[in-house]
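S.K.: The following file, upload.cif, comprises mmCIF, C-alpha atoms; chains and numbers go by the auth columns:
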data_upload
#
loop_
_atom_site.group_PDB
_atom_site.id
_atom_site.type_symbol
_atom_site.label_atom_id
_atom_site.label_comp_id
_atom_site.label_asym_id
_atom_site.label_seq_id
_atom_site.Cartn_x
_atom_site.Cartn_y
_atom_site.Cartn_z
_atom_site.B_iso_or_equiv
_atom_site.auth_seq_id
_atom_site.auth_asym_id
ATOM 1 C CA MET A 1 101.966 -141.270 -115.147 0.00 24 K
ATOM 2 C CA LYS A 2 103.520 -143.561 -112.569 0.00 25 K
ATOM 3 C CA HIS A 3 101.459 -145.798 -110.321 0.00 26 K
ATOM 4 C CA LEU A 4 102.500 -146.418 -106.712 0.00 27 K
ATOM 5 C CA THR A 5 101.125 -148.775 -104.084 0.00 28 K
ATOM 6 C CA THR A 6 101.469 -148.359 -100.335 0.00 29 K
ATOM 7 C CA PRO A 7 103.255 -149.125 -98.143 0.00 30 K
ATOM 8 C CA PHE A 8 106.131 -147.542 -100.033 0.00 31 K
ATOM 9 C CA THR A 9 109.702 -148.737 -100.109 0.00 32 K
ATOM 10 C CA LYS A 10 112.697 -146.524 -100.784 0.00 33 K
ATOM 11 C CA GLU A 11 113.141 -148.520 -103.997 0.00 34 K
ATOM 12 C CA ASP A 12 109.599 -147.498 -105.080 0.00 35 K
ATOM 13 C CA LEU A 13 110.438 -143.826 -104.618 0.00 36 K
ATOM 14 C CA LYS A 14 114.084 -143.511 -105.691 0.00 37 K
ATOM 15 C CA ASP A 15 113.401 -142.981 -109.412 0.00 38 K
ATOM 16 C CA LEU A 16 110.650 -140.402 -108.940 0.00 39 K
ATOM 17 C CA LYS A 17 111.571 -136.894 -110.025 0.00 40 K
ATOM 18 C CA SER A 18 110.079 -133.595 -108.928 0.00 41 K
ATOM 19 C CA GLY A 19 107.265 -132.802 -111.336 0.00 42 K
ATOM 20 C CA ASP A 20 106.280 -136.440 -111.922 0.00 43 K
ATOM 21 C CA ASN A 21 102.559 -137.119 -111.803 0.00 44 K
ATOM 22 C CA VAL A 22 101.586 -140.279 -109.956 0.00 45 K
ATOM 23 C CA THR A 23 98.592 -142.205 -108.750 0.00 46 K
ATOM 24 C CA ILE A 24 98.643 -143.914 -105.375 0.00 47 K
ATOM 25 C CA SER A 25 96.628 -146.969 -104.362 0.00 48 K
ATOM 26 C CA GLY A 26 96.516 -148.754 -101.036 0.00 49 K
ATOM 27 C CA VAL A 27 96.322 -147.329 -97.528 0.00 50 K
ATOM 28 C CA ILE A 28 97.167 -143.746 -96.634 0.00 51 K
ATOM 29 C CA TYR A 29 96.657 -142.066 -93.290 0.00 52 K
ATOM 30 C CA THR A 30 95.318 -138.603 -92.586 0.00 53 K
ATOM 31 C CA ALA A 31 96.440 -136.168 -89.959 0.00 54 K
ATOM 32 C CA ARG A 32 96.823 -132.447 -89.527 0.00 55 K
ATOM 33 C CA ASP A 33 98.800 -130.453 -87.001 0.00 56 K
ATOM 34 C CA ALA A 34 96.747 -131.312 -83.893 0.00 57 K
ATOM 35 C CA GLY A 35 96.839 -135.018 -84.782 0.00 58 K
ATOM 36 C CA HIS A 36 100.575 -134.877 -85.466 0.00 59 K
ATOM 37 C CA ALA A 37 101.229 -133.146 -82.149 0.00 60 K
ATOM 38 C CA ARG A 38 99.267 -135.773 -80.229 0.00 61 K
ATOM 39 C CA LEU A 39 100.922 -138.612 -82.148 0.00 62 K
ATOM 40 C CA VAL A 40 104.412 -137.381 -81.225 0.00 63 K
ATOM 41 C CA GLU A 41 103.322 -136.751 -77.635 0.00 64 K
ATOM 42 C CA ASP A 42 101.911 -140.287 -77.356 0.00 65 K
ATOM 43 C CA TYR A 43 105.085 -141.786 -78.808 0.00 66 K
ATOM 44 C CA LYS A 44 107.274 -139.873 -76.355 0.00 67 K
ATOM 45 C CA ALA A 45 105.019 -141.107 -73.517 0.00 68 K
ATOM 46 C CA GLY A 46 105.608 -144.706 -74.635 0.00 69 K
ATOM 47 C CA ARG A 47 102.102 -145.297 -76.000 0.00 70 K
ATOM 48 C CA GLU A 48 101.648 -147.484 -79.071 0.00 71 K
ATOM 49 C CA LEU A 49 101.197 -145.734 -82.413 0.00 72 K
ATOM 50 C CA PRO A 50 97.787 -146.208 -84.090 0.00 73 K
ATOM 51 C CA PHE A 51 99.462 -147.290 -87.361 0.00 74 K
ATOM 52 C CA ASP A 52 102.638 -148.890 -88.656 0.00 75 K
ATOM 53 C CA PRO A 53 104.796 -146.008 -89.875 0.00 76 K
ATOM 54 C CA LYS A 54 107.151 -148.191 -91.953 0.00 77 K
ATOM 55 C CA GLY A 55 106.635 -147.104 -95.556 0.00 78 K
ATOM 56 C CA ALA A 56 103.474 -145.199 -94.651 0.00 79 K
ATOM 57 C CA CYS A 57 102.048 -142.213 -96.484 0.00 80 K
ATOM 58 C CA ILE A 58 100.390 -139.369 -94.549 0.00 81 K
ATOM 59 C CA TYR A 59 97.846 -137.085 -96.238 0.00 82 K
ATOM 60 C CA TYR A 60 97.438 -133.655 -94.666 0.00 83 K
ATOM 61 C CA VAL A 61 93.671 -133.229 -94.785 0.00 84 K
ATOM 62 C CA GLY A 62 90.813 -132.397 -92.487 0.00 85 K
ATOM 63 C CA PRO A 63 87.765 -133.706 -94.342 0.00 86 K
ATOM 64 C CA THR A 64 84.398 -132.018 -94.107 0.00 87 K
ATOM 65 C CA PRO A 65 81.516 -133.947 -92.530 0.00 88 K
ATOM 66 C CA THR A 66 80.467 -137.034 -94.469 0.00 89 K
ATOM 67 C CA ALA A 67 77.116 -136.871 -96.247 0.00 90 K
ATOM 68 C CA PRO A 68 74.815 -139.884 -95.951 0.00 91 K
ATOM 69 C CA GLY A 69 75.881 -142.595 -98.380 0.00 92 K
ATOM 70 C CA ASP A 70 79.380 -141.156 -98.882 0.00 93 K
ATOM 71 C CA VAL A 71 82.664 -142.627 -97.650 0.00 94 K
ATOM 72 C CA ILE A 72 84.138 -139.247 -96.687 0.00 95 K
ATOM 73 C CA GLY A 73 83.382 -135.563 -96.998 0.00 96 K
ATOM 74 C CA SER A 74 85.297 -133.124 -99.146 0.00 97 K
ATOM 75 C CA ALA A 75 88.970 -134.081 -98.797 0.00 98 K
ATOM 76 C CA GLY A 76 91.228 -131.411 -100.272 0.00 99 K
ATOM 77 C CA PRO A 77 94.805 -130.951 -99.022 0.00 100 K
ATOM 78 C CA THR A 78 95.779 -128.548 -96.267 0.00 101 K
ATOM 79 C CA SER A 79 98.934 -126.445 -96.006 0.00 102 K
ATOM 80 C CA SER A 80 101.877 -128.694 -95.241 0.00 103 K
ATOM 81 C CA TYR A 81 104.041 -126.178 -93.403 0.00 104 K
ATOM 82 C CA ARG A 82 101.923 -126.693 -90.279 0.00 105 K
ATOM 83 C CA MET A 83 103.251 -130.269 -90.077 0.00 106 K
ATOM 84 C CA ASP A 84 106.902 -129.226 -90.509 0.00 107 K
ATOM 85 C CA PRO A 85 107.665 -129.363 -86.747 0.00 108 K
ATOM 86 C CA PHE A 86 106.576 -133.038 -86.681 0.00 109 K
ATOM 87 C CA SER A 87 107.485 -134.410 -90.120 0.00 110 K
ATOM 88 C CA PRO A 88 111.186 -135.157 -89.438 0.00 111 K
ATOM 89 C CA THR A 89 110.170 -137.292 -86.445 0.00 112 K
ATOM 90 C CA LEU A 90 107.630 -139.240 -88.506 0.00 113 K
ATOM 91 C CA MET A 91 110.213 -139.819 -91.248 0.00 114 K
ATOM 92 C CA ASP A 92 112.605 -141.120 -88.570 0.00 115 K
ATOM 93 C CA TRP A 93 109.870 -143.615 -87.631 0.00 116 K
ATOM 94 C CA GLY A 94 109.714 -144.824 -91.261 0.00 117 K
ATOM 95 C CA VAL A 95 107.076 -142.665 -92.953 0.00 118 K
ATOM 96 C CA LEU A 96 108.150 -142.338 -96.599 0.00 119 K
ATOM 97 C CA GLY A 97 105.358 -140.310 -98.185 0.00 120 K
ATOM 98 C CA MET A 98 103.639 -137.048 -97.314 0.00 121 K
ATOM 99 C CA ILE A 99 100.817 -135.438 -99.296 0.00 122 K
ATOM 100 C CA GLY A 100 99.701 -131.841 -98.867 0.00 123 K
ATOM 101 C CA LYS A 101 100.120 -128.483 -100.518 0.00 124 K
ATOM 102 C CA GLY A 102 102.646 -125.701 -100.265 0.00 125 K
ATOM 103 C CA ARG A 103 106.275 -125.322 -99.337 0.00 126 K
ATOM 104 C CA ARG A 104 108.274 -127.264 -96.728 0.00 127 K
ATOM 105 C CA ASN A 105 111.059 -125.910 -94.526 0.00 128 K
ATOM 106 C CA GLN A 106 114.738 -126.803 -94.963 0.00 129 K
ATOM 107 C CA GLU A 107 114.767 -129.233 -92.034 0.00 130 K
ATOM 108 C CA VAL A 108 112.005 -131.264 -93.708 0.00 131 K
ATOM 109 C CA ILE A 109 113.787 -131.157 -97.081 0.00 132 K
ATOM 110 C CA ASP A 110 117.030 -132.338 -95.466 0.00 133 K
ATOM 111 C CA LYS A 111 115.185 -135.199 -93.736 0.00 134 K
ATOM 112 C CA ILE A 112 113.512 -136.183 -97.036 0.00 135 K
ATOM 113 C CA LYS A 113 116.976 -136.580 -98.576 0.00 136 K
ATOM 114 C CA GLU A 114 118.331 -138.429 -95.529 0.00 137 K
ATOM 115 C CA THR A 115 115.451 -140.920 -95.374 0.00 138 K
ATOM 116 C CA GLY A 116 114.640 -141.352 -99.080 0.00 139 K
ATOM 117 C CA SER A 117 111.135 -139.981 -98.554 0.00 140 K
ATOM 118 C CA VAL A 118 108.992 -138.010 -101.019 0.00 141 K
ATOM 119 C CA TYR A 119 106.689 -135.019 -100.628 0.00 142 K
ATOM 120 C CA PHE A 120 103.696 -135.060 -102.943 0.00 143 K
ATOM 121 C CA ALA A 121 101.104 -132.377 -103.602 0.00 144 K
ATOM 122 C CA ALA A 122 97.431 -133.060 -104.077 0.00 145 K
ATOM 123 C CA ILE A 123 95.587 -130.563 -106.197 0.00 146 K
ATOM 124 C CA GLY A 124 93.884 -127.906 -104.123 0.00 147 K
ATOM 125 C CA GLY A 125 90.355 -127.290 -105.406 0.00 148 K
ATOM 126 C CA ALA A 126 90.045 -130.890 -106.627 0.00 149 K
ATOM 127 C CA ALA A 127 88.465 -132.205 -103.430 0.00 150 K
ATOM 128 C CA ALA A 128 85.552 -133.801 -105.332 0.00 151 K
ATOM 129 C CA ILE A 129 87.918 -135.805 -107.545 0.00 152 K
ATOM 130 C CA ILE A 130 90.032 -136.804 -104.566 0.00 153 K
ATOM 131 C CA LYS A 131 86.934 -137.800 -102.578 0.00 154 K
ATOM 132 C CA ASP A 132 85.939 -140.248 -105.329 0.00 155 K
ATOM 133 C CA ARG A 133 89.357 -141.956 -105.104 0.00 156 K
ATOM 134 C CA ILE A 134 88.815 -142.741 -101.416 0.00 157 K
ATOM 135 C CA LYS A 135 87.085 -146.109 -101.137 0.00 158 K
ATOM 136 C CA LYS A 136 87.050 -146.543 -97.371 0.00 159 K
ATOM 137 C CA CYS A 137 87.630 -144.274 -94.368 0.00 160 K
ATOM 138 C CA ASP A 138 87.987 -145.236 -90.710 0.00 161 K
ATOM 139 C CA ILE A 139 88.938 -143.079 -87.746 0.00 162 K
ATOM 140 C CA ILE A 140 91.734 -144.936 -85.956 0.00 163 K
ATOM 141 C CA ALA A 141 92.782 -142.390 -83.299 0.00 164 K
ATOM 142 C CA TYR A 142 91.959 -139.031 -81.717 0.00 165 K
ATOM 143 C CA GLU A 143 88.268 -138.952 -82.653 0.00 166 K
ATOM 144 C CA ASP A 144 87.842 -136.019 -80.264 0.00 167 K
ATOM 145 C CA LEU A 145 89.824 -133.893 -82.763 0.00 168 K
ATOM 146 C CA GLY A 146 86.959 -134.039 -85.281 0.00 169 K
ATOM 147 C CA ALA A 147 88.258 -133.213 -88.759 0.00 170 K
ATOM 148 C CA GLU A 148 91.817 -133.591 -87.444 0.00 171 K
ATOM 149 C CA ALA A 149 91.302 -137.138 -86.172 0.00 172 K
ATOM 150 C CA PHE A 150 93.763 -139.728 -87.427 0.00 173 K
ATOM 151 C CA ARG A 151 92.129 -141.689 -90.262 0.00 174 K
ATOM 152 C CA ARG A 152 92.987 -144.770 -92.297 0.00 175 K
ATOM 153 C CA LEU A 153 91.967 -144.369 -95.936 0.00 176 K
ATOM 154 C CA GLU A 154 91.875 -147.013 -98.615 0.00 177 K
ATOM 155 C CA VAL A 155 92.513 -145.218 -101.908 0.00 178 K
ATOM 156 C CA GLU A 156 92.512 -146.182 -105.550 0.00 179 K
ATOM 157 C CA ASP A 157 94.393 -144.121 -108.140 0.00 180 K
ATOM 158 C CA PHE A 158 94.747 -141.108 -105.845 0.00 181 K
ATOM 159 C CA PRO A 159 96.278 -138.335 -108.029 0.00 182 K
ATOM 160 C CA ALA A 160 99.384 -136.507 -106.799 0.00 183 K
ATOM 161 C CA THR A 161 102.458 -134.681 -108.087 0.00 184 K
ATOM 162 C CA VAL A 162 105.989 -135.169 -106.779 0.00 185 K
ATOM 163 C CA ILE A 163 107.069 -131.819 -105.351 0.00 186 K
ATOM 164 C CA ILE A 164 110.232 -132.827 -103.472 0.00 187 K
ATOM 165 C CA ASP A 165 111.839 -136.058 -104.620 0.00 188 K
ATOM 166 C CA SER A 166 114.090 -138.288 -102.528 0.00 189 K
ATOM 167 C CA ASN A 167 117.151 -136.376 -103.763 0.00 190 K
ATOM 168 C CA GLY A 168 115.751 -133.060 -102.520 0.00 191 K
ATOM 169 C CA ASN A 169 114.876 -131.670 -105.960 0.00 192 K
ATOM 170 C CA ASN A 170 112.067 -129.211 -105.351 0.00 193 K
ATOM 171 C CA LEU A 171 109.503 -128.438 -108.059 0.00 194 K
ATOM 172 C CA TYR A 172 108.603 -125.143 -106.401 0.00 195 K
ATOM 173 C CA GLU A 173 112.189 -123.922 -106.798 0.00 196 K
ATOM 174 C CA GLU A 174 112.811 -125.519 -110.195 0.00 197 K
ATOM 175 C CA GLY A 175 109.559 -124.108 -111.562 0.00 198 K
ATOM 176 C CA VAL A 176 110.507 -120.558 -110.576 0.00 199 K
ATOM 177 C CA GLU A 177 114.001 -120.943 -112.059 0.00 200 K
ATOM 178 C CA GLU A 178 112.570 -122.283 -115.315 0.00 201 K
ATOM 179 C CA TYR A 179 110.043 -119.451 -115.501 0.00 202 K
ATOM 180 C CA LEU A 180 112.741 -116.829 -114.928 0.00 203 K
ATOM 181 C CA LYS A 181 114.895 -118.351 -117.699 0.00 204 K
ATOM 182 C CA TRP A 182 111.901 -118.353 -120.047 0.00 205 K
ATOM 183 C CA LYS A 183 111.046 -114.770 -119.138 0.00 206 K
ATOM 184 C CA GLU A 184 114.601 -113.589 -119.932 0.00 207 K
ATOM 185 C CA LYS A 185 114.367 -114.898 -123.506 0.00 208 K
#
What do you get writing this file as structure tokens?

M.R.:
Amino acid sequence: MKHLTTPFTKEDLKDLKSGDNVTISGVIYTARDAGHARLVEDYKAGRELPFDPKGACIYYVGPTPTAPGDVIGSAGPTSSYRMDPFSPTLMDWGVLGMIGKGRRNQEVIDKIKETGSVYFAAIGGAAAIIKDRIKKCDIIAYEDLGAEAFRRLEVEDFPATVIIDSNGNNLYEEGVEEYLKWKEK
């Protein structure tokens, strides 16, 4: 198990391999497709970003409402493909980590390799465990989007798996290839 702290540097990520399990501590930001769309729109309009993208990690989640006494509601990952139209732009701004679930398109994979970024998966169905790793949560932009508002999370030992490493190695593809080889035996 490797431990990472945000903000990331390319040096932090370069030795990670697809399939590595990691924990992440520090600050991560949340956004889903509506938040990503507004973020890119604001940037193009010359408005200031609500966070420093350099070395940032974005978690694709739309948490459920927060119960009294809790920091955040259930916080399981959402499907990453919905952010694919925006992810290359955010990586160009300096974002180095993305957390979600599911496959990414080729443009995103190419940009991961170009920028030295990494795509992590959080475990779907483990929202209760993930919720306990979130120590603080603040909405920093787009509150009108509800669950899709842009949030700043302080996390401690947030569990994730490297799906696409900075060299473009993709666990989803490698896993299928390995299974097919095993099945042929």

S.K.: Which residues are near Pro182 in chain K? Cut-off 12 Å, all atoms listed in the file, ignore same chain within fewer than 5 positions. Put them as a PDB file with C-alpha atoms, keeping the file's coordinate frame.

M.R.:
ATOM      1  CA  MET K  24     101.966-141.270-115.147  1.00  0.00           C
ATOM      2  CA  LYS K  25     103.520-143.561-112.569  1.00  0.00           C
ATOM      3  CA  HIS K  26     101.459-145.798-110.321  1.00  0.00           C
ATOM      4  CA  LEU K  27     102.500-146.418-106.712  1.00  0.00           C
ATOM      5  CA  ASP K  43     106.280-136.440-111.922  1.00  0.00           C
ATOM      6  CA  ASN K  44     102.559-137.119-111.803  1.00  0.00           C
ATOM      7  CA  VAL K  45     101.586-140.279-109.956  1.00  0.00           C
ATOM      8  CA  THR K  46      98.592-142.205-108.750  1.00  0.00           C
ATOM      9  CA  ILE K  47      98.643-143.914-105.375  1.00  0.00           C
ATOM     10  CA  SER K  48      96.628-146.969-104.362  1.00  0.00           C
ATOM     11  CA  TYR K  82      97.846-137.085 -96.238  1.00  0.00           C
ATOM     12  CA  GLY K  99      91.228-131.411-100.272  1.00  0.00           C
ATOM     13  CA  PRO K 100      94.805-130.951 -99.022  1.00  0.00           C
ATOM     14  CA  ILE K 122     100.817-135.438 -99.296  1.00  0.00           C
ATOM     15  CA  GLY K 123      99.701-131.841 -98.867  1.00  0.00           C
ATOM     16  CA  PHE K 143     103.696-135.060-102.943  1.00  0.00           C
ATOM     17  CA  ALA K 144     101.104-132.377-103.602  1.00  0.00           C
ATOM     18  CA  ALA K 145      97.431-133.060-104.077  1.00  0.00           C
ATOM     19  CA  ILE K 146      95.587-130.563-106.197  1.00  0.00           C
ATOM     20  CA  GLY K 147      93.884-127.906-104.123  1.00  0.00           C
ATOM     21  CA  ALA K 149      90.045-130.890-106.627  1.00  0.00           C
ATOM     22  CA  ALA K 150      88.465-132.205-103.430  1.00  0.00           C
ATOM     23  CA  ALA K 151      85.552-133.801-105.332  1.00  0.00           C
ATOM     24  CA  ILE K 152      87.918-135.805-107.545  1.00  0.00           C
ATOM     25  CA  ILE K 153      90.032-136.804-104.566  1.00  0.00           C
ATOM     26  CA  LYS K 154      86.934-137.800-102.578  1.00  0.00           C
ATOM     27  CA  ASP K 155      85.939-140.248-105.329  1.00  0.00           C
ATOM     28  CA  ARG K 156      89.357-141.956-105.104  1.00  0.00           C
ATOM     29  CA  ILE K 157      88.815-142.741-101.416  1.00  0.00           C
TER      30      ILE K 157
END

S.K.: Rounded to one decimal in Å, what is the spacing between CA of Pro76 in chain K and CA of Gly42 in chain K?

M.R.: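 Between these atoms lies a distance of 25.3 Å.
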
S.K.: Using only C-alpha atoms, which of K:Lys33, K:Lys159, K:Arg105, K:Arg127 sits nearest Ile51 in chain K?

M.R.: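 Using only C-alpha atoms, Ile51 in chain K sits closest to K:Lys159.
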
S.K.: Residues within 10 Å of (107.7, -133.0, -109.5), file coordinates, counting only C-alpha atoms: what are they? Give the list as a PyMOL selection string.

M.R.: chain K and resi 39-45+141-144+183-188+192-195+197-198

S.K.: Let me know the centre plus edge lengths, in Å and rounded to one decimal, of a box with edges along x, y and z that contains all listed atoms of range 64-67 of chain K and is padded by 5 Å on every side, as AutoDock Vina command-line options.

M.R.:
--center_x 104.6 --center_y -139.3 --center_z -77.6 --size_x 15.4 --size_y 15.0 --size_z 12.5

S.K.: Expressed in Å to a single decimal, how great is the separation between CA of Gly78 in chain K and CA of Asp93 in chain K?

M.R.: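 Calculated distance between CA of Gly78 in chain K and CA of Asp93 in chain K is 28.1 Å.
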
S.K.: Please check which residues have atoms at most 9 Å from (110.5, -144.8, -91.2) in the file's coordinates, counting only C-alpha atoms, and write them as a PyMOL selection string.

M.R.: chain K and resi 76-79+112-119+138+140

S.K.: When distances are computed from all atoms listed in the file, which of K:Pro108, K:Gly139, K:Cys160, K:Glu179 shows the smallest separation from Ala57 in chain K?

M.R.: K:Pro108

S.K.: Return the single residue from K:Asn190, K:Asp65, K:Gly120, K:Lys208 that is closest to Thr29 in chain K, with distances computed using only C-alpha atoms.

M.R.: K:Gly120

S.K.: Calculated over only C-alpha atoms, which of the candidates K:Ile162, K:Leu36, K:Met121, K:Leu176 has the smallest distance to Ile81 in chain K?

M.R.: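 Counting only C-alpha atoms, the residue closest to Ile81 in chain K is K:Met121.
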
S.K.: Using only C-alpha atoms for the distances, tell me which of K:Pro30, K:Lys67, K:Glu130, K:Arg175 is nearest to Tyr52 in chain K.

M.R.: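 Looking at the shortest contact to Tyr52 in chain K, the residue is K:Arg175.
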
S.K.: From the set K:Lys136, K:Glu171, K:Ala60, K:Asp180, which residue has the shortest atom-to-atom contact distance to Lys37 in chain K, counting only C-alpha atoms?

M.R.: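 With only C-alpha atoms as the atom set, the closest residue is K:Lys136.
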
S.K.: One decimal, in Å: what's the spacing between CA of Lys158 in chain K and CA of Phe74 in chain K?

M.R.: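 Value for the CA of Lys158 in chain K-CA of Phe74 in chain K distance: 18.6 Å.
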
S.K.: Evaluating the PyMOL selection byres ((chain K and resi 86) around 7) on the displayed file yields which residues, as a PDB file with C-alpha atoms, in the frame of the given file?

M.R.:
ATOM      1  CA  VAL K  84      93.671-133.229 -94.785  1.00  0.00           C
ATOM      2  CA  GLY K  85      90.813-132.397 -92.487  1.00  0.00           C
ATOM      3  CA  THR K  87      84.398-132.018 -94.107  1.00  0.00           C
ATOM      4  CA  PRO K  88      81.516-133.947 -92.530  1.00  0.00           C
ATOM      5  CA  GLY K  96      83.382-135.563 -96.998  1.00  0.00           C
ATOM      6  CA  SER K  97      85.297-133.124 -99.146  1.00  0.00           C
ATOM      7  CA  ALA K  98      88.970-134.081 -98.797  1.00  0.00           C
ATOM      8  CA  ALA K 170      88.258-133.213 -88.759  1.00  0.00           C
TER       9      ALA K 170
END
